[in-house]
file query.tsv (TSV, C-alpha atoms)
chain	number	residue	atom	x	y	z
A	848	MET	CA	83.14	123.50	114.47
A	849	LYS	CA	84.60	122.74	117.84
A	850	PRO	CA	88.43	122.65	117.89
A	851	ARG	CA	88.22	118.97	118.78
A	852	HIS	CA	86.13	118.22	115.68
A	853	LYS	CA	88.50	120.27	113.58
A	854	LYS	CA	91.38	118.14	114.85
A	855	ILE	CA	89.56	114.90	113.98
A	856	ALA	CA	88.77	116.28	110.52
A	857	ILE	CA	92.42	117.20	109.97
A	858	ILE	CA	93.61	113.74	111.09
A	859	ALA	CA	91.03	111.98	108.90
A	860	ALA	CA	91.89	114.15	105.90
A	861	SER	CA	95.64	113.57	106.36
A	862	VAL	CA	95.25	109.79	106.62
A	863	THR	CA	93.02	109.76	103.50
A	864	ALA	CA	95.50	111.92	101.58
A	865	LEU	CA	98.37	109.66	102.65
A	866	THR	CA	96.51	106.52	101.63
A	867	PHE	CA	95.79	108.09	98.27
A	868	ALA	CA	99.43	109.08	97.84
A	869	ALA	CA	100.55	105.57	98.77
A	870	ILE	CA	98.19	104.05	96.19
A	871	LEU	CA	99.58	106.36	93.49
A	872	VAL	CA	103.18	105.60	94.43
A	873	LEU	CA	102.53	101.85	94.47
A	874	ASN	CA	100.88	102.12	91.06
A	875	VAL	CA	103.94	103.84	89.62
A	876	PHE	CA	106.28	101.23	91.08
A	877	GLN	CA	103.98	98.36	90.13
A	878	SER	CA	106.52	96.82	87.76
A	879	ASN	CA	109.36	97.03	90.31
A	880	LEU	CA	107.27	95.30	92.95
A	881	VAL	CA	106.89	92.24	90.77
A	882	PHE	CA	108.91	89.49	92.40
A	883	PHE	CA	108.88	87.22	89.37
A	884	PHE	CA	107.70	87.13	85.77
A	885	SER	CA	105.52	84.42	84.28
A	886	PRO	CA	106.66	82.56	81.13
A	887	SER	CA	103.98	84.44	79.16
A	888	GLN	CA	105.44	87.76	80.28
A	889	VAL	CA	108.91	86.54	79.28
A	890	VAL	CA	107.69	85.52	75.82
A	891	ALA	CA	105.90	88.90	75.50
A	892	LYS	CA	109.30	90.50	76.31
A	893	GLU	CA	107.96	92.20	79.44
A	894	ALA	CA	110.81	90.76	81.47
A	895	PRO	CA	114.21	92.51	81.48
A	896	ILE	CA	115.99	90.35	78.91
A	897	GLY	CA	119.79	90.42	79.28
A	898	LYS	CA	119.54	91.26	82.99
A	899	ASN	CA	119.05	89.08	86.03
A	900	PHE	CA	115.39	88.49	86.82
A	901	ARG	CA	113.14	85.88	88.36
A	902	ILE	CA	110.80	83.58	86.53
A	903	GLY	CA	107.89	81.87	88.26
A	904	GLY	CA	105.37	79.19	87.39
A	905	ILE	CA	104.75	75.47	87.59
A	906	VAL	CA	107.44	72.85	86.91
A	907	GLU	CA	106.09	71.11	83.81
A	908	GLU	CA	105.19	67.44	84.31
A	909	GLY	CA	107.80	65.10	82.81
A	910	SER	CA	110.26	67.92	82.09
A	911	LEU	CA	112.71	67.32	84.96
A	912	LYS	CA	115.94	65.68	83.78
A	913	ARG	CA	119.22	65.25	85.63
A	914	GLN	CA	122.46	65.44	83.65
A	915	GLY	CA	124.25	62.25	84.62
A	916	SER	CA	125.59	62.24	88.16
A	917	SER	CA	126.12	66.03	88.35
A	918	THR	CA	123.83	68.40	90.20
A	919	THR	CA	122.86	70.08	86.93
A	920	VAL	CA	119.16	69.72	86.16
A	921	ASN	CA	116.99	70.67	83.21
A	922	PHE	CA	113.33	71.45	83.66
A	923	ALA	CA	110.65	73.64	82.15
A	924	VAL	CA	108.60	76.34	83.85
A	925	THR	CA	105.09	76.77	82.53
A	926	ASP	CA	102.04	78.93	83.20
A	927	THR	CA	100.01	76.58	80.94
A	928	ALA	CA	100.10	79.18	78.13
A	929	GLU	CA	103.86	79.44	77.59
A	930	THR	CA	106.83	77.33	78.67
A	931	ILE	CA	110.45	78.32	79.30
A	932	LYS	CA	113.32	75.81	79.57
A	933	VAL	CA	115.54	76.21	82.62
A	934	VAL	CA	119.03	74.89	83.40
A	935	TYR	CA	120.25	74.96	86.98
A	936	THR	CA	123.29	73.61	88.81
A	937	GLY	CA	122.90	73.25	92.55
A	938	ILE	CA	120.76	71.80	95.28
A	939	LEU	CA	117.02	71.91	94.73
A	940	PRO	CA	114.70	72.69	97.67
A	941	ASP	CA	112.78	69.75	99.19
A	942	LEU	CA	109.46	70.98	97.87
A	943	PHE	CA	110.73	71.18	94.29
A	944	LYS	CA	108.54	68.78	92.31
A	945	GLU	CA	107.00	68.41	88.89
A	946	GLY	CA	103.56	70.00	88.86
A	947	LYS	CA	104.44	72.32	91.79
A	948	GLY	CA	105.29	76.00	91.98
A	949	VAL	CA	108.81	77.29	91.44
A	950	VAL	CA	110.63	80.62	91.32
A	951	ALA	CA	114.04	80.70	89.63
A	952	GLN	CA	116.50	83.59	89.46
A	953	GLY	CA	118.91	83.96	86.58
A	954	LYS	CA	119.34	85.19	83.03
A	955	ILE	CA	117.80	84.22	79.75
A	956	ALA	CA	120.41	83.47	77.07
A	957	GLU	CA	120.15	83.98	73.34
A	958	ASP	CA	119.24	80.32	72.89
A	959	GLY	CA	116.01	81.05	74.82
A	960	ILE	CA	117.09	78.94	77.78
A	961	PHE	CA	116.90	80.42	81.26
A	962	TYR	CA	120.14	79.82	83.17
A	963	ALA	CA	119.22	79.91	86.84
A	964	ASP	CA	121.60	80.52	89.73
A	965	GLU	CA	118.93	80.14	92.41
A	966	VAL	CA	115.82	77.95	92.50
A	967	LEU	CA	113.15	78.42	95.18
A	968	ALA	CA	110.04	76.34	95.73
A	969	LYS	CA	106.73	78.20	95.87
A	970	HIS	CA	104.07	76.20	97.65
A	971	ASP	CA	100.35	76.94	97.68
A	972	GLU	CA	98.07	77.91	100.55
A	973	ASN	CA	96.45	74.48	100.94
A	974	TYR	CA	97.17	72.41	104.02
A	975	MET	CA	95.74	68.91	104.45
A	976	PRO	CA	96.70	65.41	105.52
A	977	PRO	CA	98.23	63.15	102.80
A	978	GLU	CA	95.11	60.92	102.80
A	979	ALA	CA	92.92	63.89	101.88
A	980	ALA	CA	95.39	64.94	99.18
A	981	SER	CA	95.43	61.48	97.60
A	982	ALA	CA	91.62	61.28	97.78
A	983	LEU	CA	91.43	64.60	95.91
A	984	GLU	CA	93.89	63.29	93.34
A	985	GLN	CA	91.84	60.11	92.84
A	986	ALA	CA	88.68	62.17	92.39
A	987	ALA	CA	90.41	64.40	89.82
A	988	LYS	CA	91.65	61.31	87.93
A	989	ALA	CA	88.17	59.74	87.96
A	990	GLN	CA	86.67	62.95	86.65
A	991	LYS	CA	89.28	63.12	83.89
A	992	ALA	CA	88.59	59.49	82.95
A	993	SER	CA	84.84	60.08	82.76
A	994	LEU	CA	85.42	63.12	80.55
A	995	VAL	CA	87.55	61.07	78.15
A	996	GLN	CA	84.90	58.35	77.77
B	571	MET	CA	71.90	100.29	135.57
B	572	SER	CA	74.01	102.52	133.41
B	573	ILE	CA	77.77	102.34	133.47
B	574	ASN	CA	79.68	105.58	133.48
B	575	TRP	CA	82.28	104.74	130.79
B	576	TYR	CA	83.99	108.09	131.13
B	577	LYS	CA	85.01	107.07	134.60
B	578	TYR	CA	87.43	104.55	133.08
B	579	ALA	CA	89.01	107.19	130.86
B	580	SER	CA	90.62	108.48	134.03
B	581	PRO	CA	94.02	106.84	134.53
B	582	ALA	CA	93.31	106.29	138.26
B	583	SER	CA	90.14	104.22	137.82
B	584	PHE	CA	91.57	102.42	134.81
B	585	TYR	CA	94.60	101.47	136.90
B	586	PHE	CA	92.42	99.55	139.34
B	587	LEU	CA	90.12	98.09	136.67
B	588	ALA	CA	93.13	96.81	134.69
B	589	GLY	CA	94.57	95.32	137.87
B	590	LYS	CA	91.39	93.29	138.35
B	591	MET	CA	91.29	92.09	134.73
B	592	ILE	CA	94.92	91.01	134.29
B	593	PRO	CA	94.64	87.65	136.13
B	594	TYR	CA	91.67	86.53	134.01
B	595	PHE	CA	93.40	87.31	130.73
B	596	SER	CA	96.66	85.74	131.92
B	597	ILE	CA	94.94	82.49	132.91
B	598	ALA	CA	93.00	82.43	129.62
B	599	ALA	CA	96.25	82.98	127.70
B	600	ILE	CA	98.03	80.08	129.43
B	601	ALA	CA	95.05	77.72	129.07
B	602	LEU	CA	94.55	78.54	125.39
B	603	LEU	CA	98.29	78.24	124.73
B	604	ILE	CA	98.36	74.72	126.22
B	605	VAL	CA	95.27	73.64	124.25
B	606	GLY	CA	96.55	75.27	121.05
B	607	LEU	CA	100.01	73.69	121.28
B	608	TYR	CA	98.46	70.31	122.07
B	609	ILE	CA	96.23	70.49	118.98
B	610	GLY	CA	99.16	71.79	116.94
B	611	PHE	CA	101.57	69.05	117.89
B	612	PHE	CA	99.37	66.01	118.59
B	613	VAL	CA	95.93	66.40	116.98
B	614	ALA	CA	96.62	68.20	113.70
B	615	PRO	CA	97.66	65.78	110.92
B	616	THR	CA	100.90	65.81	108.93
B	617	ASP	CA	100.70	68.00	105.83
B	618	PHE	CA	100.70	66.37	102.38
B	619	GLN	CA	103.51	68.51	100.96
B	620	GLN	CA	105.39	70.03	103.88
B	621	GLY	CA	105.33	67.09	106.28
B	622	GLU	CA	105.89	68.13	109.90
B	623	ALA	CA	107.64	71.39	109.06
B	624	TYR	CA	104.35	73.17	108.43
B	625	ARG	CA	103.62	73.07	112.18
B	626	ILE	CA	105.47	76.36	112.60
B	627	ILE	CA	102.24	77.83	111.18
B	628	PHE	CA	100.73	77.59	114.68
B	629	ILE	CA	103.16	80.29	115.83
B	630	HIS	CA	103.80	82.12	112.58
B	631	VAL	CA	100.26	82.97	111.50
B	632	PRO	CA	98.87	84.06	114.91
B	633	ALA	CA	101.98	86.24	115.40
B	634	ALA	CA	101.59	87.80	111.95
B	635	TRP	CA	97.86	88.47	112.54
B	636	MET	CA	98.61	90.03	115.93
B	637	SER	CA	101.40	92.19	114.49
B	638	MET	CA	98.99	93.82	112.03
B	639	PHE	CA	95.98	94.00	114.35
B	640	LEU	CA	97.93	95.53	117.24
B	641	TYR	CA	99.30	98.19	114.92
B	642	VAL	CA	95.77	99.24	113.94
B	643	VAL	CA	94.72	99.35	117.62
B	644	MET	CA	97.87	101.31	118.52
B	645	ALA	CA	97.22	103.83	115.74
B	646	PHE	CA	93.58	104.08	116.81
B	647	TRP	CA	94.44	104.96	120.41
B	648	ALA	CA	97.25	107.26	119.33
B	649	GLY	CA	94.79	109.03	117.01
B	650	VAL	CA	92.15	109.31	119.74
B	651	GLY	CA	94.79	110.74	122.08
B	652	LEU	CA	95.82	113.27	119.44
B	653	ALA	CA	92.24	114.33	118.68
B	654	PHE	CA	90.70	114.40	122.16
B	655	ASN	CA	93.81	115.03	124.22
B	656	THR	CA	92.88	112.09	126.43
B	657	ARG	CA	95.92	110.99	128.40
B	658	LEU	CA	94.89	107.36	128.80
B	659	SER	CA	94.44	106.79	125.05
B	660	SER	CA	98.02	107.85	124.35
B	661	MET	CA	99.26	105.70	127.23
B	662	MET	CA	97.46	102.70	125.69
B	663	ALA	CA	99.19	103.33	122.35
B	664	THR	CA	102.56	103.45	124.11
B	665	ALA	CA	101.71	100.26	125.99
B	666	ILE	CA	100.77	98.38	122.79
B	667	ALA	CA	103.93	99.15	120.78
B	668	PRO	CA	106.42	96.70	122.40
B	669	THR	CA	103.98	93.76	122.20
B	670	GLY	CA	103.23	94.59	118.57
B	671	ALA	CA	106.93	94.82	117.76
B	672	MET	CA	107.54	91.48	119.48
B	673	PHE	CA	104.84	89.73	117.41
B	674	THR	CA	106.21	91.31	114.22
B	675	PHE	CA	109.66	90.01	115.11
B	676	ILE	CA	108.27	86.52	115.83
B	677	ALA	CA	106.41	86.52	112.49
B	678	LEU	CA	109.58	87.50	110.62
B	679	TRP	CA	111.81	85.09	112.55
B	680	THR	CA	109.55	82.04	112.31
B	681	GLY	CA	108.99	82.95	108.65
B	682	ALA	CA	112.73	82.75	108.02
B	683	TRP	CA	112.91	79.41	109.83
B	684	TRP	CA	110.04	78.16	107.73
B	685	GLY	CA	111.34	79.64	104.48
B	686	LYS	CA	114.74	77.96	104.62
B	687	PRO	CA	113.54	74.32	104.60
B	688	MET	CA	110.45	74.87	102.40
B	689	TRP	CA	111.28	77.60	99.87
B	690	GLY	CA	115.04	77.14	100.02
B	691	THR	CA	115.86	80.60	101.37
B	692	TRP	CA	115.77	82.48	104.68
B	693	TRP	CA	114.69	85.73	103.11
B	694	VAL	CA	113.57	87.23	99.81
B	695	TRP	CA	112.61	90.82	99.05
B	696	ASP	CA	109.10	90.05	97.92
B	697	ALA	CA	106.20	92.41	98.68
B	698	ARG	CA	104.85	90.41	101.66
B	699	LEU	CA	108.15	89.99	103.49
B	700	THR	CA	109.33	93.52	102.78
B	701	SER	CA	106.10	95.18	103.94
B	702	GLU	CA	106.14	93.13	107.17
B	703	LEU	CA	109.74	94.25	107.75
B	704	ILE	CA	108.59	97.87	107.26
B	705	LEU	CA	105.94	97.22	109.93
B	706	PHE	CA	108.73	96.19	112.31
B	707	PHE	CA	110.60	99.43	111.57
B	708	LEU	CA	107.41	101.43	112.14
B	709	TYR	CA	107.03	99.92	115.63
B	710	ILE	CA	110.72	100.54	116.37
B	711	GLY	CA	110.40	104.09	115.01
B	712	PHE	CA	107.34	104.78	117.17
B	713	MET	CA	109.09	103.52	120.30
B	714	SER	CA	112.40	105.28	119.69
B	715	LEU	CA	110.72	108.59	118.85
B	716	GLN	CA	108.70	108.44	122.06
B	717	ALA	CA	111.80	107.53	124.04
B	718	ALA	CA	113.74	110.41	122.51
B	719	ILE	CA	111.28	113.10	123.65
B	720	ASP	CA	111.36	113.90	127.36
B	721	ASP	CA	107.97	115.59	127.67
B	722	PRO	CA	105.45	112.70	127.56
B	723	ARG	CA	102.65	114.84	126.09
B	724	ARG	CA	104.85	115.93	123.19
B	725	ALA	CA	106.13	112.36	122.78
B	726	ASP	CA	102.51	111.18	122.52
B	727	LYS	CA	101.77	113.66	119.74
B	728	ALA	CA	104.91	112.90	117.73
B	729	GLY	CA	104.37	109.15	118.12
B	730	ALA	CA	100.73	109.47	117.04
B	731	ILE	CA	101.81	110.97	113.72
B	732	ILE	CA	104.16	108.05	112.95
B	733	ALA	CA	101.48	105.58	114.04
B	734	LEU	CA	98.80	107.15	111.84
B	735	VAL	CA	101.04	107.47	108.80
B	736	GLY	CA	102.09	103.83	109.15
B	737	VAL	CA	98.50	102.58	109.00
B	738	VAL	CA	98.82	102.78	105.20
B	739	ASN	CA	101.20	99.82	105.42
B	740	ILE	CA	98.63	97.44	106.96
B	741	PRO	CA	96.43	96.88	103.86
B	742	ILE	CA	99.64	96.66	101.82
B	743	ILE	CA	100.87	93.76	103.98
B	744	TYR	CA	97.51	92.05	103.91
B	745	PHE	CA	96.83	92.33	100.17
B	746	SER	CA	100.46	92.11	98.97
B	747	VAL	CA	100.02	88.44	98.06
B	748	GLN	CA	97.01	89.30	95.88
B	749	TRP	CA	98.32	92.48	94.27
B	750	TRP	CA	101.75	91.27	93.25
B	751	ASN	CA	103.63	88.10	92.37
B	752	THR	CA	105.22	87.03	95.64
B	753	LEU	CA	107.11	83.98	96.82
B	754	HIS	CA	104.84	83.96	99.87
B	755	GLN	CA	101.65	82.03	99.14
B	756	GLY	CA	98.16	83.52	99.37
B	757	ALA	CA	95.94	83.50	102.45
B	758	SER	CA	94.72	80.10	103.64
B	759	VAL	CA	92.09	81.70	105.83
B	760	SER	CA	90.07	84.73	104.78
B	761	ILE	CA	86.60	86.12	105.38
B	762	ALA	CA	85.44	85.74	101.77
B	763	GLN	CA	86.47	82.12	101.19
B	764	SER	CA	86.20	78.83	103.00
B	765	PRO	CA	89.49	77.91	104.70
B	766	LYS	CA	92.01	75.96	102.65
B	767	MET	CA	93.14	73.86	105.62
B	768	ALA	CA	92.11	70.65	107.29
B	769	THR	CA	89.76	71.31	110.23
B	770	ALA	CA	92.16	70.19	112.99
B	771	MET	CA	94.93	72.38	111.54
B	772	LEU	CA	92.60	75.37	111.39
B	773	ALA	CA	91.37	74.72	114.95
B	774	GLY	CA	94.93	74.69	116.28
B	775	MET	CA	95.74	77.93	114.49
B	776	LEU	CA	92.62	79.71	115.73
B	777	VAL	CA	93.14	78.60	119.34
B	778	MET	CA	96.74	79.83	119.15
B	779	ALA	CA	95.47	83.13	117.73
B	780	LEU	CA	93.07	83.47	120.67
B	781	ALA	CA	95.94	82.70	123.07
B	782	ALA	CA	97.95	85.48	121.41
B	783	TRP	CA	94.99	87.84	121.91
B	784	MET	CA	94.68	87.02	125.61
B	785	TYR	CA	98.44	87.30	126.12
B	786	SER	CA	98.48	90.67	124.36
B	787	ILE	CA	95.61	92.06	126.42
B	788	ALA	CA	97.18	90.90	129.71
B	789	MET	CA	100.61	92.21	128.73
B	790	ILE	CA	99.32	95.56	127.46
B	791	LEU	CA	97.24	96.12	130.60
B	792	MET	CA	100.29	95.39	132.76
B	793	ARG	CA	102.42	97.80	130.75
B	794	ALA	CA	99.65	100.42	130.78
B	795	ARG	CA	99.55	100.20	134.60
B	796	THR	CA	103.28	100.84	134.82
B	797	ILE	CA	103.03	103.79	132.44
B	798	ILE	CA	100.12	105.23	134.44
B	799	LEU	CA	102.08	104.99	137.70
B	800	GLU	CA	105.13	106.57	136.12
B	801	ARG	CA	103.28	109.49	134.56
B	802	GLU	CA	100.94	110.11	137.51
B	803	ARG	CA	103.60	109.77	140.16
B	804	HIS	CA	103.03	113.35	141.37
B	805	THR	CA	99.31	112.91	141.91
B	806	ALA	CA	97.56	112.39	145.22
B	807	TRP	CA	96.15	108.97	144.37
B	808	VAL	CA	99.56	107.49	143.56
B	809	ALA	CA	100.96	108.96	146.77
B	810	GLU	CA	98.06	107.35	148.63
B	811	LEU	CA	98.80	104.04	146.88
B	812	LYS	CA	102.40	104.26	148.01
B	813	GLY	CA	101.26	104.93	151.56
B	814	MET	CA	99.04	101.84	151.45
B	815	THR	CA	101.76	99.46	150.33
B	816	ARG	CA	104.24	100.69	152.88
call {"tool": "encode", "arguments": {"input": "query.tsv", "output": "structure tokens"}}
result
Amino acid sequence: MKPRHKKIAIIAASVTALTFAAILVLNVFQSNLVFFFSPSQVVAKEAPIGKNFRIGGIVEEGSLKRQGSSTTVNFAVTDTAETIKVVYTGILPDLFKEGKGVVAQGKIAEDGIFYADEVLAKHDENYMPPEAASALEQAAKAQKASLVQ
Amino acid sequence: MSINWYKYASPASFYFLAGKMIPYFSIAAIALLIVGLYIGFFVAPTDFQQGEAYRIIFIHVPAAWMSMFLYVVMAFWAGVGLAFNTRLSSMMATAIAPTGAMFTFIALWTGAWWGKPMWGTWWVWDARLTSELILFFLYIGFMSLQAAIDDPRRADKAGAIIALVGVVNIPIIYFSVQWWNTLHQGASVSIAQSPKMATAMLAGMLVMALAAWMYSIAMILMRARTIILERERHTAWVAELKGMTR
């Protein structure tokens, strides 16, 4: 082996070893890298109950209710399998909407309600003009209607 | 006709070749930037959920792509320099770092500006944002380490080790949105799937990405020329060059 080839081999081996080490480390810290828990994980008690954590999912359709003229809102976060009720006082982000993604930070109380002190909107990776979005919605509705018949 | 590629591994011939190429890449960068911004601001439609605010994507995504790609190229040249002891490869790595760091900073900064109105926060410690911040520190670390060592050959070697170790971070940034729950959404454009964007939006983003490529090449060649002159200042050809300009 020429010294030059030896050097390349050493570099390649080191990078491979490092990558492997990084994969192992990331695997160990998997649970700490989770930014939010889904309602199913919360119900399965995988989330740190009694501590602050984040919950993420979709704002359930028809669940958003304002309490009088205050900024306190009630809504439910769902992952279609499980649903968690959330109470939050404060300003909601512009993109916060029923049927859209949300990430809330707070604590779950003994009554099973999640008291949030921060609510963030999580949008998806689709970008299109409003006309295209409404056309898609119409198509989905038509498909639903034909399935019902 | 066969081209002697090894000729351009010599800093002297590369200096003149780079000098000839810079104007073309600069002009291409400006032209593509104008076309890209025009598509971004006037042709691309308003988004159905984010309204006009999504238009920051035309800066944010090309900058983020460039930040990751330039790091890989930097690590590649640093590695080649370490393995083959070729001076020019290490100089290229040194020349790439500031441009890479700049694009990383732009990606982070525009991301914060985008996050505040859309998500409701400037910053969160999710896997995507955190790993991109680590990328910024890797660039800064590479540059400061090189600046701290006086002997350029030793600086090249030390820098190469940081650069190669940091490569591990690139797939982490890219796949973070798939591997973990993040506030940052998934990729709109990937090789495996059809793009999840309207055509005009995608066109604007790709033209801006090309503009970023051309800008980076022009800028890196310019910086490489300066580094070559500085490191070869004791050689005959630089002395001759000085005599010519006088």
call {"tool": "closest_residue", "arguments": {"input": "query.tsv", "among": "B:Trp807, B:Phe595, B:Tyr585, B:Trp749", "to": "Ser786 in chain B", "atoms": "all atoms listed in the file"}}
result
B:Phe595
call {"tool": "closest_residue", "arguments": {"input": "query.tsv", "among": "B:Arg803, B:His630, B:Lys812, B:Arg795", "to": "Ser583 in chain B", "atoms": "only C-alpha atoms"}}
result
B:Arg795
call {"tool": "interface_residues", "arguments": {"input": "query.tsv", "of": "chain A", "to": "chain B", "cutoff": "7 Å", "atoms": "all atoms listed in the file", "output": "list in words"}}
result
Arg851, Lys854, Ile855, Val862, Thr866, Leu880, Val881, Phe882, Phe883, Pro940, Asp941, Leu942, Leu967, Ala968, Lys969, His970, Asp971, Glu972, Asn973, Tyr974, Met975, Pro976, Pro977 and Ala980 of chain A
call {"tool": "write_last_selection", "arguments": {"input": "query.tsv", "atoms": "C-alpha atoms", "output": "short mmCIF file (atom, residue, chain, number, x, y, z; two decimals), keeping the file's coordinate frame"}}
result
data_model
loop_
_atom_site.label_atom_id
_atom_site.label_comp_id
_atom_site.auth_asym_id
_atom_site.auth_seq_id
_atom_site.Cartn_x
_atom_site.Cartn_y
_atom_site.Cartn_z
CA ARG A 851 88.22 118.97 118.78
CA LYS A 854 91.38 118.14 114.85
CA ILE A 855 89.56 114.90 113.98
CA VAL A 862 95.25 109.79 106.62
CA THR A 866 96.51 106.52 101.63
CA LEU A 880 107.27 95.30 92.95
CA VAL A 881 106.89 92.24 90.77
CA PHE A 882 108.91 89.49 92.40
CA PHE A 883 108.88 87.22 89.37
CA PRO A 940 114.70 72.69 97.67
CA ASP A 941 112.78 69.75 99.19
CA LEU A 942 109.46 70.98 97.87
CA LEU A 967 113.15 78.42 95.18
CA ALA A 968 110.04 76.34 95.73
CA LYS A 969 106.73 78.20 95.87
CA HIS A 970 104.07 76.20 97.65
CA ASP A 971 100.35 76.94 97.68
CA GLU A 972 98.07 77.91 100.55
CA ASN A 973 96.45 74.48 100.94
CA TYR A 974 97.17 72.41 104.02
CA MET A 975 95.74 68.91 104.45
CA PRO A 976 96.70 65.41 105.52
CA PRO A 977 98.23 63.15 102.80
CA ALA A 980 95.39 64.94 99.18
#
call {"tool": "atom_distance", "arguments": {"input": "query.tsv", "atom1": "CA of Ala599 in chain B", "atom2": "CA of Leu776 in chain B"}}
result
12.9 Å
call {"tool": "atom_distance", "arguments": {"input": "query.tsv", "atom1": "CA of Gly909 in chain A", "atom2": "CA of Lys892 in chain A"}}
result
26.3 Å
call {"tool": "residues_around", "arguments": {"input": "query.tsv", "residues": "Thr927 in chain A", "least_positions_apart": "2", "cutoff": "10 Å", "atoms": "all atoms listed in the file", "output": "compact mmCIF listing (two decimals) with C-alpha atoms, in the coordinates of the input"}}
result
# COMPACT_ATOMS: atom_id res chain seq x y z
CA PRO A 886 106.66 82.56 81.13
CA SER A 887 103.98 84.44 79.16
CA GLY A 904 105.37 79.19 87.39
CA ILE A 905 104.75 75.47 87.59
CA GLU A 907 106.09 71.11 83.81
CA VAL A 924 108.60 76.34 83.85
CA THR A 925 105.09 76.77 82.53
CA GLU A 929 103.86 79.44 77.59
CA THR A 930 106.83 77.33 78.67
call {"tool": "residues_near_point", "arguments": {"input": "query.tsv", "point": "(104.6, 104.3, 117.9)", "cutoff": "12 Å", "atoms": "all atoms listed in the file", "output": "PyMOL selection string"}}
result
chain B and resi 640-649+660-671+705-718+725-737
call {"tool": "write_last_selection", "arguments": {"input": "query.tsv", "atoms": "C-alpha atoms", "output": "CSV table (one decimal), in the frame of the given file"}}
result
chain,number,residue,atom,x,y,z
B,640,LEU,CA,97.9,95.5,117.2
B,641,TYR,CA,99.3,98.2,114.9
B,642,VAL,CA,95.8,99.2,113.9
B,643,VAL,CA,94.7,99.4,117.6
B,644,MET,CA,97.9,101.3,118.5
B,645,ALA,CA,97.2,103.8,115.7
B,646,PHE,CA,93.6,104.1,116.8
B,647,TRP,CA,94.4,105.0,120.4
B,648,ALA,CA,97.2,107.3,119.3
B,649,GLY,CA,94.8,109.0,117.0
B,660,SER,CA,98.0,107.8,124.4
B,661,MET,CA,99.3,105.7,127.2
B,662,MET,CA,97.5,102.7,125.7
B,663,ALA,CA,99.2,103.3,122.4
B,664,THR,CA,102.6,103.4,124.1
B,665,ALA,CA,101.7,100.3,126.0
B,666,ILE,CA,100.8,98.4,122.8
B,667,ALA,CA,103.9,99.2,120.8
B,668,PRO,CA,106.4,96.7,122.4
B,669,THR,CA,104.0,93.8,122.2
B,670,GLY,CA,103.2,94.6,118.6
B,671,ALA,CA,106.9,94.8,117.8
B,705,LEU,CA,105.9,97.2,109.9
B,706,PHE,CA,108.7,96.2,112.3
B,707,PHE,CA,110.6,99.4,111.6
B,708,LEU,CA,107.4,101.4,112.1
B,709,TYR,CA,107.0,99.9,115.6
B,710,ILE,CA,110.7,100.5,116.4
B,711,GLY,CA,110.4,104.1,115.0
B,712,PHE,CA,107.3,104.8,117.2
B,713,MET,CA,109.1,103.5,120.3
B,714,SER,CA,112.4,105.3,119.7
B,715,LEU,CA,110.7,108.6,118.8
B,716,GLN,CA,108.7,108.4,122.1
B,717,ALA,CA,111.8,107.5,124.0
B,718,ALA,CA,113.7,110.4,122.5
B,725,ALA,CA,106.1,112.4,122.8
B,726,ASP,CA,102.5,111.2,122.5
B,727,LYS,CA,101.8,113.7,119.7
B,728,ALA,CA,104.9,112.9,117.7
B,729,GLY,CA,104.4,109.2,118.1
B,730,ALA,CA,100.7,109.5,117.0
B,731,ILE,CA,101.8,111.0,113.7
B,732,ILE,CA,104.2,108.0,113.0
B,733,ALA,CA,101.5,105.6,114.0
B,734,LEU,CA,98.8,107.2,111.8
B,735,VAL,CA,101.0,107.5,108.8
B,736,GLY,CA,102.1,103.8,109.2
B,737,VAL,CA,98.5,102.6,109.0
call {"tool": "build_atoms", "arguments": {"input": "query.tsv", "residues": "range 940-948 of chain A", "atoms": "N, CA and C atoms", "output": "mmCIF file, in the frame of the given file"}}
result
data_model
loop_
_atom_site.group_PDB
_atom_site.id
_atom_site.type_symbol
_atom_site.label_atom_id
_atom_site.label_comp_id
_atom_site.auth_asym_id
_atom_site.auth_seq_id
_atom_site.Cartn_x
_atom_site.Cartn_y
_atom_site.Cartn_z
ATOM 1 N N PRO A 940 115.416 72.772 96.391
ATOM 2 C CA PRO A 940 114.700 72.690 97.670
ATOM 3 C C PRO A 940 113.832 71.419 97.747
ATOM 4 N N ASP A 941 113.543 70.987 98.977
ATOM 5 C CA ASP A 941 112.780 69.750 99.190
ATOM 6 C C ASP A 941 111.438 69.743 98.473
ATOM 7 N N LEU A 942 110.817 70.914 98.435
ATOM 8 C CA LEU A 942 109.460 70.980 97.870
ATOM 9 C C LEU A 942 109.463 71.070 96.353
ATOM 10 N N PHE A 943 110.665 71.092 95.752
ATOM 11 C CA PHE A 943 110.730 71.180 94.290
ATOM 12 C C PHE A 943 110.217 69.875 93.696
ATOM 13 N N LYS A 944 109.149 69.967 92.897
ATOM 14 C CA LYS A 944 108.540 68.780 92.310
ATOM 15 C C LYS A 944 107.879 69.146 90.999
ATOM 16 N N GLU A 945 107.750 68.172 90.124
ATOM 17 C CA GLU A 945 107.000 68.410 88.890
ATOM 18 C C GLU A 945 105.549 68.687 89.250
ATOM 19 N N GLY A 946 104.957 69.649 88.596
ATOM 20 C CA GLY A 946 103.560 70.000 88.860
ATOM 21 C C GLY A 946 103.389 70.963 90.022
ATOM 22 N N LYS A 947 104.516 71.387 90.660
ATOM 23 C CA LYS A 947 104.440 72.320 91.790
ATOM 24 C C LYS A 947 105.065 73.656 91.418
ATOM 25 N N GLY A 948 104.805 74.644 92.253
ATOM 26 C CA GLY A 948 105.290 76.000 91.980
ATOM 27 C C GLY A 948 106.785 76.151 92.151
#
